[in-house]
$ cat data15.cif   # mmCIF, C-alpha atoms
data_final
loop_
_atom_site.label_atom_id
_atom_site.label_comp_id
_atom_site.auth_asym_id
_atom_site.auth_seq_id
_atom_site.Cartn_x
_atom_site.Cartn_y
_atom_site.Cartn_z
CA MET A 148 -71.37 39.99 55.27
CA THR A 149 -74.02 38.73 52.84
CA ILE A 150 -75.16 40.90 49.92
CA GLN A 151 -78.92 40.94 49.58
CA ALA A 152 -80.55 39.94 46.29
CA ASP A 153 -81.05 42.80 43.89
CA ALA A 154 -84.38 43.41 42.23
CA SER A 155 -82.84 44.72 39.02
CA THR A 156 -82.48 42.48 36.00
CA GLY A 157 -79.12 40.82 36.39
CA LEU A 158 -77.89 37.53 34.96
CA GLN A 159 -79.94 34.46 35.93
CA LEU A 160 -78.98 30.81 36.21
CA SER A 161 -81.55 28.05 36.91
CA GLY A 162 -84.09 30.70 37.87
CA GLN A 163 -81.86 32.44 40.43
CA PRO A 164 -79.38 35.35 40.22
CA MET A 165 -76.06 34.06 38.93
CA SER A 166 -74.35 35.91 41.77
CA THR A 167 -76.08 33.85 44.49
CA PRO A 168 -73.09 31.57 45.34
CA LEU A 169 -70.90 34.66 45.75
CA ARG A 170 -73.13 36.70 48.03
CA ASP A 171 -71.68 35.58 51.35
CA VAL A 172 -68.54 37.64 50.71
CA ARG A 173 -67.23 37.35 54.28
CA ALA A 174 -67.08 33.55 54.29
CA LEU A 175 -65.97 33.31 50.67
CA SER A 176 -63.22 35.92 51.03
CA LYS A 177 -61.82 33.98 54.01
CA GLN A 178 -61.81 30.83 51.87
CA LEU A 179 -60.14 32.65 48.96
CA VAL A 180 -57.41 34.23 51.10
CA GLY A 181 -56.62 30.81 52.58
CA HIS A 182 -56.27 29.46 49.04
CA PHE A 183 -54.01 32.36 48.04
CA VAL A 184 -51.66 31.73 50.96
CA SER A 185 -51.44 28.00 50.28
CA SER A 186 -51.45 28.00 46.47
CA VAL A 187 -50.01 31.35 45.32
CA ALA A 188 -46.41 31.04 46.51
CA PRO A 189 -45.53 34.76 46.91
CA CYS A 190 -48.64 35.30 49.05
CA GLY A 191 -47.23 32.95 51.67
CA THR A 192 -44.33 35.33 52.26
CA LEU A 193 -46.50 38.38 52.92
CA PRO A 194 -46.67 39.73 56.50
CA GLY A 195 -49.50 38.32 58.60
CA ASP A 196 -51.09 41.72 59.14
CA ALA A 197 -51.20 42.28 55.40
CA ILE A 198 -53.02 38.98 54.86
CA ALA A 199 -55.45 39.49 57.73
CA GLY A 200 -56.06 43.12 56.90
CA ASP A 201 -55.53 44.61 53.48
CA ILE A 202 -55.59 41.42 51.37
CA THR A 203 -58.76 40.14 53.00
CA ALA A 204 -60.47 43.52 52.72
CA VAL A 205 -59.62 43.83 49.04
CA THR A 206 -60.75 40.27 48.36
CA LYS A 207 -64.15 41.21 49.84
CA LEU A 208 -64.10 44.32 47.69
CA CYS A 209 -63.48 42.31 44.50
CA LEU A 210 -66.32 39.94 45.40
CA GLU A 211 -68.68 42.86 45.94
CA VAL A 212 -67.74 44.31 42.55
CA ALA A 213 -68.28 40.92 40.87
CA VAL A 214 -71.68 40.41 42.53
CA SER A 215 -72.79 43.93 41.62
CA MET A 216 -71.79 43.59 37.96
CA LEU A 217 -73.45 40.16 37.67
CA ASP A 218 -76.58 41.79 39.10
CA GLY A 219 -76.39 44.56 36.50
CA ARG A 220 -75.12 47.28 38.85
CA GLU A 221 -71.92 49.34 38.71
CA MET A 222 -69.84 50.26 41.76
CA PRO A 223 -67.33 52.94 40.71
CA VAL A 224 -66.49 53.82 44.32
CA LYS A 225 -65.38 50.26 45.05
CA VAL A 226 -63.31 50.19 41.85
CA GLU A 227 -61.57 53.37 43.04
CA ARG A 228 -60.86 51.64 46.36
CA LEU A 229 -59.32 48.72 44.46
CA SER A 230 -57.12 51.17 42.56
CA ALA A 231 -55.98 52.82 45.80
CA ALA A 232 -55.16 49.43 47.35
CA ALA A 233 -53.17 48.38 44.27
CA ALA A 234 -51.17 51.62 44.44
CA GLY A 235 -50.35 50.80 48.06
CA TRP A 236 -49.13 47.30 47.10
CA ALA A 237 -46.95 48.84 44.41
CA ARG A 238 -45.38 51.21 46.96
CA GLU A 239 -44.76 48.28 49.33
CA GLY A 240 -43.05 46.27 46.60
CA VAL A 241 -45.67 43.52 46.22
CA PRO A 242 -45.06 42.05 42.73
CA ILE A 243 -47.88 42.79 40.30
CA ASP A 244 -47.82 39.21 39.00
CA THR A 245 -48.70 38.02 42.53
CA ILE A 246 -51.79 40.25 42.56
CA LEU A 247 -52.92 39.34 39.04
CA HIS A 248 -52.37 35.63 39.68
CA SER A 249 -54.41 35.85 42.87
CA ILE A 250 -57.24 37.58 41.00
CA HIS A 251 -57.28 34.80 38.42
CA GLU A 252 -57.22 32.11 41.13
CA GLY A 253 -60.17 33.83 42.79
CA PHE A 254 -62.09 33.89 39.53
CA LYS A 255 -61.46 30.17 38.95
CA ILE A 256 -62.97 29.36 42.35
CA GLY A 257 -65.87 31.78 41.81
CA MET A 258 -66.64 30.33 38.36
CA ALA A 259 -66.65 26.81 39.79
CA LEU A 260 -69.17 27.87 42.46
CA VAL A 261 -71.43 29.51 39.89
CA THR A 262 -71.33 26.73 37.28
CA ASP A 263 -71.90 23.93 39.81
CA ARG A 264 -75.60 24.92 39.86
CA ALA A 265 -75.96 24.99 36.07
CA ALA A 266 -78.38 22.64 34.33
CA THR A 267 -78.30 21.39 30.75
CA THR A 268 -80.85 24.07 29.80
CA ASP A 269 -78.62 26.92 31.03
CA HIS A 270 -76.33 27.07 28.00
CA ASP A 271 -77.33 30.56 26.86
CA SER A 272 -77.19 31.94 30.39
CA LEU A 273 -73.71 30.47 30.87
CA VAL A 274 -72.48 32.10 27.67
CA ASP A 275 -73.77 35.47 28.90
CA GLY A 276 -72.21 34.77 32.29
CA VAL A 277 -68.80 33.97 30.83
CA GLN A 278 -68.87 37.19 28.82
CA MET A 279 -69.71 39.15 31.94
CA VAL A 280 -66.96 37.40 33.94
CA LEU A 281 -64.44 38.36 31.26
CA GLU A 282 -65.59 41.97 31.54
CA ILE A 283 -65.20 41.85 35.33
CA LEU A 284 -61.76 40.27 35.00
CA ASP A 285 -60.73 42.89 32.46
CA LEU A 286 -61.90 45.67 34.77
CA MET A 287 -59.95 44.35 37.75
CA ASN A 288 -56.79 43.57 35.76
CA SER A 289 -56.76 46.98 34.11
CA THR A 290 -57.51 48.75 37.41
CA VAL A 291 -54.58 47.03 39.15
CA ALA A 292 -52.22 47.46 36.19
CA LYS A 293 -52.99 51.17 35.80
CA ALA A 294 -52.46 51.75 39.52
CA TYR A 295 -49.09 49.96 39.42
CA VAL A 296 -47.94 51.88 36.34
CA ARG A 297 -49.06 55.19 37.82
CA GLU A 298 -47.27 54.48 41.10
CA HIS A 299 -44.16 53.27 39.29
CA LYS A 300 -44.02 56.48 37.27
CA ALA A 301 -44.41 58.53 40.44
CA VAL A 302 -41.58 56.63 42.14
CA VAL A 303 -39.33 56.97 39.09
CA ALA A 304 -40.06 60.70 38.91
CA GLU A 305 -39.34 61.08 42.63
CA HIS A 306 -36.10 59.11 42.29
CA HIS A 307 -35.10 61.11 39.21
CA THR A 308 -35.71 64.36 41.08
CA ALA A 309 -33.65 63.14 44.05
CA VAL A 310 -30.77 62.04 41.83
CA HIS A 311 -30.95 65.29 39.85
CA THR A 312 -30.93 67.34 43.06
CA LEU A 313 -27.96 65.56 44.62
CA THR A 314 -25.96 65.47 41.38
CA SER A 315 -26.50 69.19 40.85
CA ALA A 316 -25.44 69.84 44.45
CA LEU A 317 -22.26 67.77 44.05
CA LEU A 318 -21.35 69.54 40.82
CA GLY A 319 -22.05 72.88 42.46
CA GLY A 320 -20.08 72.03 45.60
CA HIS A 321 -23.15 72.28 47.86
CA ALA A 322 -23.87 68.65 48.77
CA THR A 323 -24.49 67.99 52.47
CA SER A 324 -25.21 64.90 54.56
CA THR A 325 -28.69 66.28 55.26
CA MET A 326 -29.42 66.48 51.54
CA ALA A 327 -28.10 62.94 51.07
CA ARG A 328 -30.46 61.60 53.73
CA GLU A 329 -33.39 63.44 52.16
CA CYS A 330 -32.53 62.02 48.75
CA GLY A 331 -31.85 58.55 50.12
CA ILE A 332 -28.45 58.44 48.38
CA GLU A 333 -25.18 58.14 50.26
CA ILE A 334 -22.40 60.59 49.38
CA ALA A 335 -19.11 58.85 48.58
CA GLY A 336 -15.69 60.08 49.63
CA SER A 337 -14.49 60.38 46.04
CA TYR A 338 -15.88 60.11 42.51
CA THR A 339 -14.81 59.27 39.02
CA VAL A 340 -16.10 62.19 36.97
CA LEU A 341 -17.02 61.43 33.36
CA ALA A 342 -17.75 64.08 30.76
CA LEU A 343 -19.70 62.46 27.92
CA SER A 344 -20.48 63.45 24.36
CA PHE A 345 -23.16 61.75 22.24
CA PRO A 346 -23.13 62.50 18.51
CA PRO A 347 -26.48 62.59 16.70
CA HIS A 348 -27.99 59.24 15.80
CA PRO A 349 -28.13 58.81 11.99
CA ASP A 350 -31.94 58.84 12.11
CA GLU A 351 -31.92 62.30 13.76
CA SER A 352 -31.18 63.76 10.32
CA ASN A 353 -33.62 61.51 8.50
CA PRO A 354 -36.35 63.79 7.08
CA GLN A 355 -38.87 60.95 7.20
CA VAL A 356 -38.81 60.63 11.00
CA ASP A 357 -39.05 63.02 13.94
CA GLY A 358 -35.43 63.76 14.88
CA GLN A 359 -36.35 64.93 18.38
CA ILE A 360 -38.06 61.63 19.14
CA VAL A 361 -35.01 59.73 17.88
CA ALA A 362 -32.75 61.85 20.10
CA ARG A 363 -34.94 61.34 23.17
CA ARG A 364 -35.04 57.59 22.59
CA LYS A 365 -31.24 57.59 22.35
CA LEU A 366 -31.07 59.38 25.71
CA ARG A 367 -33.53 56.95 27.34
CA ARG A 368 -31.45 53.99 26.18
CA ILE A 369 -28.32 55.56 27.67
CA GLN A 370 -30.11 56.26 30.95
CA GLY A 371 -31.39 52.69 30.96
CA ALA A 372 -27.84 51.35 30.54
CA LEU A 373 -26.72 53.45 33.51
CA ALA A 374 -29.70 52.31 35.59
CA VAL A 375 -28.76 48.63 35.29
CA HIS A 376 -25.10 49.31 36.12
CA ARG A 377 -24.08 47.07 39.00
CA GLY A 378 -22.46 48.56 42.06
CA PRO A 379 -22.93 51.88 43.88
CA ARG A 380 -25.61 54.17 42.47
CA VAL A 381 -24.48 56.19 39.47
CA LEU A 382 -25.36 59.89 39.42
CA SER A 383 -25.84 61.69 36.14
CA LEU A 384 -27.02 64.86 34.45
CA LEU A 385 -27.51 64.11 30.77
CA SER A 386 -29.03 65.61 27.65
CA VAL A 387 -29.36 64.21 24.14
CA ASP A 388 -25.89 65.65 23.37
CA GLY A 389 -24.01 64.47 26.45
CA GLY A 390 -23.46 65.50 30.05
CA THR A 391 -21.79 64.45 33.28
CA VAL A 392 -21.72 61.12 35.13
CA LEU A 393 -20.44 60.64 38.68
CA LEU A 394 -19.26 57.14 39.59
CA PRO A 395 -18.87 56.83 43.38
CA GLU A 396 -15.71 55.16 44.61
CA VAL A 397 -16.64 53.07 47.64
CA GLU A 398 -14.04 51.51 49.91
CA GLY A 399 -14.07 47.75 49.61
CA ALA A 400 -16.04 47.76 46.35
CA ALA A 401 -14.47 46.66 43.09
CA PRO A 402 -13.41 49.58 40.87
CA VAL A 403 -15.68 50.33 37.93
CA ASP A 404 -14.44 49.20 34.52
CA VAL A 405 -14.99 52.61 32.95
CA GLU A 406 -13.89 51.56 29.47
CA ALA A 407 -16.47 48.76 29.49
CA LEU A 408 -19.11 51.17 30.81
CA VAL A 409 -18.43 53.67 28.02
CA ALA A 410 -18.60 50.84 25.49
CA ARG A 411 -22.00 49.76 26.89
CA LEU A 412 -23.29 53.32 26.68
CA GLY A 413 -22.18 53.52 23.05
CA HIS A 414 -23.91 50.21 22.32
CA ALA A 415 -27.11 51.47 23.97
CA ALA A 416 -26.95 54.83 22.21
CA GLN A 417 -26.14 53.18 18.86
CA VAL A 418 -23.54 55.91 18.31
CA PRO A 419 -19.82 56.15 19.20
CA VAL A 420 -19.48 57.84 22.60
CA THR A 421 -16.56 60.08 23.56
CA ALA A 422 -15.71 60.40 27.26
CA THR A 423 -13.07 62.04 29.39
CA LEU A 424 -12.26 61.00 32.95
CA VAL A 425 -11.01 62.85 36.02
CA THR A 426 -10.90 61.39 39.55
CA ALA A 427 -11.59 63.68 42.50
CA THR A 428 -12.61 63.85 46.14
CA THR A 429 -16.16 64.95 46.85
CA ALA A 430 -15.03 68.53 47.51
CA GLU A 431 -13.09 68.59 44.22
CA VAL A 432 -15.99 67.34 42.06
CA PRO A 433 -16.93 70.81 40.66
CA THR A 434 -13.34 71.50 39.54
CA ALA A 435 -12.94 67.97 38.21
CA ALA A 436 -16.14 68.29 36.16
CA ASP A 437 -14.87 71.54 34.61
CA GLN A 438 -11.57 69.87 33.77
CA ALA A 439 -13.28 66.82 32.30
CA HIS A 440 -15.42 68.94 30.01
CA GLU A 441 -12.43 71.07 28.97
CA LEU A 442 -10.64 67.84 28.06
CA LEU A 443 -13.71 66.65 26.14
CA ASP A 444 -13.80 69.93 24.22
CA MET A 445 -10.13 69.54 23.41
CA VAL A 446 -10.60 65.97 22.17
CA HIS A 447 -13.26 67.23 19.77
CA ARG A 448 -11.09 70.14 18.62
CA LEU A 449 -8.31 67.70 17.78
CA GLY A 450 -10.70 65.50 15.84
CA SER A 451 -9.67 62.47 17.90
CA GLU A 452 -11.48 59.16 17.61
CA PRO A 453 -14.37 58.37 19.99
CA GLY A 454 -13.48 56.50 23.15
CA LEU A 455 -12.33 57.09 26.70
CA TYR A 456 -9.60 59.63 27.49
CA ARG A 457 -8.14 60.08 30.98
CA PHE A 458 -6.66 63.31 32.30
CA THR A 459 -3.25 61.64 32.41
CA ASP A 460 -3.55 60.88 28.69
CA LEU A 461 -4.06 64.54 27.85
CA VAL A 462 -2.19 66.41 30.58
CA LEU A 463 0.24 68.01 28.11
CA GLU A 464 -2.53 69.06 25.76
CA TYR A 465 -4.48 70.46 28.70
CA GLN A 466 -1.53 72.56 29.80
CA LEU A 467 -1.08 73.92 26.29
CA THR A 468 -4.59 75.37 26.38
CA ARG A 469 -3.77 77.65 29.34
CA PRO A 470 -3.62 81.33 28.31
CA GLY A 471 -0.17 82.87 28.00
CA PRO A 472 2.64 83.77 25.59
CA GLY A 473 3.52 80.12 25.02
CA ARG A 474 0.10 79.37 23.60
CA GLU A 475 0.20 82.46 21.42
CA SER A 476 3.59 81.53 19.99
CA LEU A 477 2.54 77.96 19.28
CA GLY A 478 -0.66 79.11 17.59
CA LYS A 479 1.30 81.29 15.18
CA LEU A 480 3.22 78.30 13.83
CA LEU A 481 0.20 77.41 11.69
CA ASP A 482 -0.29 80.91 10.23
CA PRO A 483 1.34 79.84 6.92
CA LEU A 484 -1.57 77.41 6.43
CA ASP A 485 -4.25 80.13 6.62
CA ASP A 486 -4.49 80.30 2.83
CA HIS A 487 -4.50 76.51 2.49
CA PRO A 488 -7.53 75.15 4.44
CA GLU A 489 -7.16 71.71 2.80
CA LEU A 490 -3.67 71.40 4.32
CA ARG A 491 -4.85 72.37 7.79
CA GLU A 492 -7.75 69.89 7.53
CA THR A 493 -5.40 67.13 6.39
CA LEU A 494 -3.07 67.79 9.32
CA GLN A 495 -5.90 67.73 11.85
CA VAL A 496 -7.50 64.57 10.45
CA HIS A 497 -4.13 62.82 10.16
CA ILE A 498 -3.20 63.56 13.78
CA GLY A 499 -6.69 62.66 14.97
CA ASN A 500 -6.33 59.25 13.28
CA ASN A 501 -2.99 58.52 14.96
CA LEU A 502 -1.08 59.12 11.71
CA ASN A 503 -2.89 56.38 9.79
CA ARG A 504 -2.45 57.43 6.15
CA GLN A 505 -5.04 55.02 4.76
CA ARG A 506 -7.73 56.12 7.22
CA THR A 507 -6.90 59.79 6.65
CA ALA A 508 -7.20 59.31 2.89
CA ARG A 509 -10.50 57.47 3.29
CA LEU A 510 -12.01 60.18 5.50
CA LEU A 511 -10.85 62.95 3.17
CA HIS A 512 -11.93 60.99 0.06
CA VAL A 513 -8.48 61.31 -1.52
CA HIS A 514 -5.65 58.97 -2.49
CA THR A 515 -2.87 58.17 0.01
CA ASN A 516 -0.41 59.80 -2.39
CA THR A 517 -2.41 63.01 -2.01
CA VAL A 518 -2.07 62.74 1.76
CA ASP A 519 1.71 62.32 1.41
CA TYR A 520 1.91 65.32 -0.91
CA ARG A 521 -0.06 67.54 1.47
CA LEU A 522 2.09 66.50 4.44
CA LYS A 523 5.19 67.50 2.48
CA ARG A 524 3.59 70.86 1.63
CA ILE A 525 2.79 71.41 5.34
CA GLY A 526 6.46 70.76 6.18
CA TYR A 527 7.62 73.16 3.46
CA LEU A 528 5.29 76.02 4.48
CA THR A 529 5.71 75.75 8.26
CA GLY A 530 9.28 74.49 8.47
CA LEU A 531 8.03 71.60 10.61
CA ASP A 532 8.08 68.12 9.10
CA PRO A 533 4.94 66.17 10.19
CA THR A 534 6.67 62.88 9.38
CA GLN A 535 9.33 63.52 12.03
CA PRO A 536 8.69 63.26 15.80
CA SER A 537 9.95 66.73 16.65
CA GLY A 538 8.01 68.43 13.85
CA LEU A 539 4.88 66.45 14.62
CA TRP A 540 5.05 67.40 18.30
CA TYR A 541 5.14 71.11 17.47
CA LEU A 542 2.40 70.84 14.85
CA ARG A 543 0.11 68.94 17.21
CA SER A 544 0.75 71.48 19.97
CA ALA A 545 0.13 74.31 17.52
CA LEU A 546 -3.25 72.81 16.54
CA ILE A 547 -4.29 72.69 20.20
CA ALA A 548 -3.11 76.21 20.99
CA ARG A 549 -4.53 77.72 17.80
CA SER A 550 -8.02 76.24 18.27
CA PHE A 551 -8.33 77.79 21.73
CA ARG A 552 -6.77 81.09 20.69
CA GLN A 553 -9.21 81.39 17.80
CA THR A 554 -12.21 80.55 20.00
CA GLU A 555 -11.29 83.21 22.55
CA ARG A 556 -10.83 85.83 19.81
CA GLU A 557 -14.27 84.98 18.39
CA ARG A 558 -15.79 85.24 21.88
CA LEU A 559 -14.20 88.63 22.51
CA ALA A 560 -15.25 89.87 19.08
CA GLY A 561 -18.83 88.80 19.72
#

$ encode --input "data15.cif" --output "structure tokens"
Amino acid sequence: MTIQADASTGLQLSGQPMSTPLRDVRALSKQLVGHFVSSVAPCGTLPGDAIAGDITAVTKLCLEVAVSMLDGREMPVKVERLSAAAAGWAREGVPIDTILHSIHEGFKIGMALVTDRAATTDHDSLVDGVQMVLEILDLMNSTVAKAYVREHKAVVAEHHTAVHTLTSALLGGHATSTMARECGIEIAGSYTVLALSFPPHPDESNPQVDGQIVARRKLRRIQGALAVHRGPRVLSLLSVDGGTVLLPEVEGAAPVDVEALVARLGHAAQVPVTATLVTATTAEVPTAADQAHELLDMVHRLGSEPGLYRFTDLVLEYQLTRPGPGRESLGKLLDPLDDHPELRETLQVHIGNNLNRQRTARLLHVHTNTVDYRLKRIGYLTGLDPTQPSGLWYLRSALIARSFRQTERERLAG
């Protein structure tokens, strides 16, 4: 295929259209594709039908666009075809750097063909030609890049929808093998269920910045850390405040270092993350998720430090939250502190800090002697000495039982 000379005023070189050496697009495209295969390494690994078909066709297309623009004409339809082809390459996994490098290699050959005919008197025409070539190169680069980005976003959105659908089904107890095939994600026999809590990033309360943007960026960083996690695909349903993560347990695969994963999430979020863990079979995932979030709620009620808590670490506390006369009786042990909120706060902070007097004093902004005095007052009013193991056990249990009893009363009253 040879493009006929155009009568319009395009760029001239030595009295002829600058596009003349590029007009035989069929022969030139064959030469260019041969160069791509031999000189652009990734092109040599492409399937033969792709080289003979799509790549050659698009090379012709790019030549036609270049000739038309050098001749002063625009070809929006052909640019749209280039965009569609680039989207197809993106879907097939052809690296974008391979495409862009090939375009640049093609331009180097095309420029050499054009400038070989230049005379010493063609300086001004060459300057105009170079400017036009840069415009053509910019058009093709941006067309390909936009198509790749658009396709990538579509794939990410599709993947996100599939993950969201399957995760919701697992948490709801409705996951099926048919759904797994449709989502392209295999259902494991068992899962490690993580309930996560993300505190606000310090900048979320900064009046000089948009707190919602800060929160969304925090969430994207967390999702990014999960996305690069090695091993079986992680499923998650997350918000800026926390959510649920399902780690599949695959036979023969190394177990996930959950503590390290939680630490990475905290590093990505730039806030201390609190997580609770329950292991369950696929059918038990809904119940396990409820348990994990109940444990997470309990960890927050106790004012415990951020970190990872397993069900086995909190099994006693979990049992104490079950409704019944035992919980009611335990909750009443703290009634003498109702008129002394500073004592109740000191007890909760002290237990949450694993009885570290210095840390408790620092968090409450008081002296350690004040902490000691308040602990003695708590022992006097309740009859339970927080410095003794037996008294501390009852006081800790009473804090757990009372927090849940109070919440239920507020819910019923509302």

$ atom_distance --input "data15.cif" --atom1 "CA of Leu477 (chain A)" --atom2 "CA of Arg549 (chain A)"
7.2 Å

$ residues_around --input "data15.cif" --residues "Leu480 (chain A)" --least-positions-apart "6" --cutoff "10 Å" --atoms "only C-alpha atoms" --output "MDAnalysis selection string"
chainID A and resid 528:531 541:542 544:546 548:549

$ write_last_selection --input "data15.cif" --atoms "C-alpha atoms" --output "short mmCIF file (atom, residue, chain, number, x, y, z; two decimals), in the coordinates of the input"
data_model
loop_
_atom_site.label_atom_id
_atom_site.label_comp_id
_atom_site.auth_asym_id
_atom_site.auth_seq_id
_atom_site.Cartn_x
_atom_site.Cartn_y
_atom_site.Cartn_z
CA LEU A 528 5.29 76.02 4.48
CA THR A 529 5.71 75.75 8.26
CA GLY A 530 9.28 74.49 8.47
CA LEU A 531 8.03 71.60 10.61
CA TYR A 541 5.14 71.11 17.47
CA LEU A 542 2.40 70.84 14.85
CA SER A 544 0.75 71.48 19.97
CA ALA A 545 0.13 74.31 17.52
CA LEU A 546 -3.25 72.81 16.54
CA ALA A 548 -3.11 76.21 20.99
CA ARG A 549 -4.53 77.72 17.80
#

$ atom_distance --input "data15.cif" --atom1 "CA of Ala292 (chain A)" --atom2 "CA of Arg228 (chain A)"
14.0 Å

$ atom_distance --input "data15.cif" --atom1 "CA of Ala342 (chain A)" --atom2 "CA of Leu424 (chain A)"
6.7 Å

$ residues_around --input "data15.cif" --residues "region 410-418 of chain A" --least-positions-apart "6" --cutoff "10 Å" --atoms "only C-alpha atoms" --output "mmCIF file with C-alpha atoms, in the coordinates of the input"
data_model
loop_
_atom_site.group_PDB
_atom_site.id
_atom_site.type_symbol
_atom_site.label_atom_id
_atom_site.label_comp_id
_atom_site.auth_asym_id
_atom_site.auth_seq_id
_atom_site.Cartn_x
_atom_site.Cartn_y
_atom_site.Cartn_z
ATOM 1 C CA LEU A 343 -19.700 62.460 27.920
ATOM 2 C CA PHE A 345 -23.160 61.750 22.240
ATOM 3 C CA PRO A 346 -23.130 62.500 18.510
ATOM 4 C CA PRO A 347 -26.480 62.590 16.700
ATOM 5 C CA HIS A 348 -27.990 59.240 15.800
ATOM 6 C CA PRO A 349 -28.130 58.810 11.990
ATOM 7 C CA ALA A 362 -32.750 61.850 20.100
ATOM 8 C CA ARG A 364 -35.040 57.590 22.590
ATOM 9 C CA LYS A 365 -31.240 57.590 22.350
ATOM 10 C CA LEU A 366 -31.070 59.380 25.710
ATOM 11 C CA ARG A 367 -33.530 56.950 27.340
ATOM 12 C CA ARG A 368 -31.450 53.990 26.180
ATOM 13 C CA ILE A 369 -28.320 55.560 27.670
ATOM 14 C CA GLN A 370 -30.110 56.260 30.950
ATOM 15 C CA GLY A 371 -31.390 52.690 30.960
ATOM 16 C CA ALA A 372 -27.840 51.350 30.540
ATOM 17 C CA LEU A 373 -26.720 53.450 33.510
ATOM 18 C CA HIS A 376 -25.100 49.310 36.120
ATOM 19 C CA VAL A 387 -29.360 64.210 24.140
ATOM 20 C CA PRO A 453 -14.370 58.370 19.990
ATOM 21 C CA GLY A 454 -13.480 56.500 23.150
ATOM 22 C CA LEU A 455 -12.330 57.090 26.700
#

$ residues_around --input "data15.cif" --residues "region 315-331 of chain A" --least-positions-apart "5" --cutoff "9 Å" --atoms "all atoms listed in the file" --output "PyMOL selection string"
chain A and resi 306+308-310+383-384+429-436

$ closest_residue --input "data15.cif" --among "A:Gln278, A:Val340, A:Asp357, A:Val425" --to "Gly390 (chain A)" --atoms "all atoms listed in the file"
A:Val340

$ residues_around --input "data15.cif" --residues "Gln178 (chain A)" --least-positions-apart "2" --cutoff "12 Å" --atoms "all atoms listed in the file" --output "PyMOL selection string"
chain A and resi 169+171-176+180-185+203+206-207+252-253+256-257

$ decode --input "data15.cif" --residues "region 423-427 of chain A" --atoms "all heavy atoms" --output "tab-separated table (two decimals), in the first residue's frame"
chain	number	residue	atom	x	y	z
A	423	THR	N	-7.57	-8.98	65.53
A	423	THR	CA	-7.89	-10.21	66.25
A	423	THR	C	-8.02	-11.34	65.24
A	423	THR	O	-8.45	-11.12	64.10
A	423	THR	CB	-9.19	-10.07	67.06
A	423	THR	OG1	-10.22	-9.55	66.21
A	423	THR	CG2	-8.99	-9.13	68.24
A	424	LEU	N	-7.66	-12.55	65.66
A	424	LEU	CA	-7.54	-13.67	64.73
A	424	LEU	C	-8.35	-14.86	65.21
A	424	LEU	O	-8.30	-15.23	66.38
A	424	LEU	CB	-6.06	-14.04	64.61
A	424	LEU	CG	-5.62	-15.20	63.73
A	424	LEU	CD1	-4.16	-15.00	63.32
A	424	LEU	CD2	-5.76	-16.55	64.43
A	425	VAL	N	-9.09	-15.45	64.26
A	425	VAL	CA	-9.82	-16.69	64.50
A	425	VAL	C	-9.63	-17.57	63.27
A	425	VAL	O	-9.77	-17.08	62.14
A	425	VAL	CB	-11.31	-16.46	64.76
A	425	VAL	CG1	-12.04	-17.79	64.96
A	425	VAL	CG2	-11.52	-15.54	65.96
A	426	THR	N	-9.31	-18.84	63.46
A	426	THR	CA	-9.15	-19.77	62.34
A	426	THR	C	-10.42	-20.61	62.20
A	426	THR	O	-11.01	-21.03	63.19
A	426	THR	CB	-7.94	-20.70	62.58
A	426	THR	OG1	-6.77	-19.89	62.73
A	426	THR	CG2	-7.74	-21.64	61.41
A	427	ALA	N	-10.84	-20.84	60.94
A	427	ALA	CA	-12.10	-21.54	60.72
A	427	ALA	C	-12.09	-22.25	59.38
A	427	ALA	O	-11.34	-21.90	58.47
A	427	ALA	CB	-13.26	-20.55	60.76
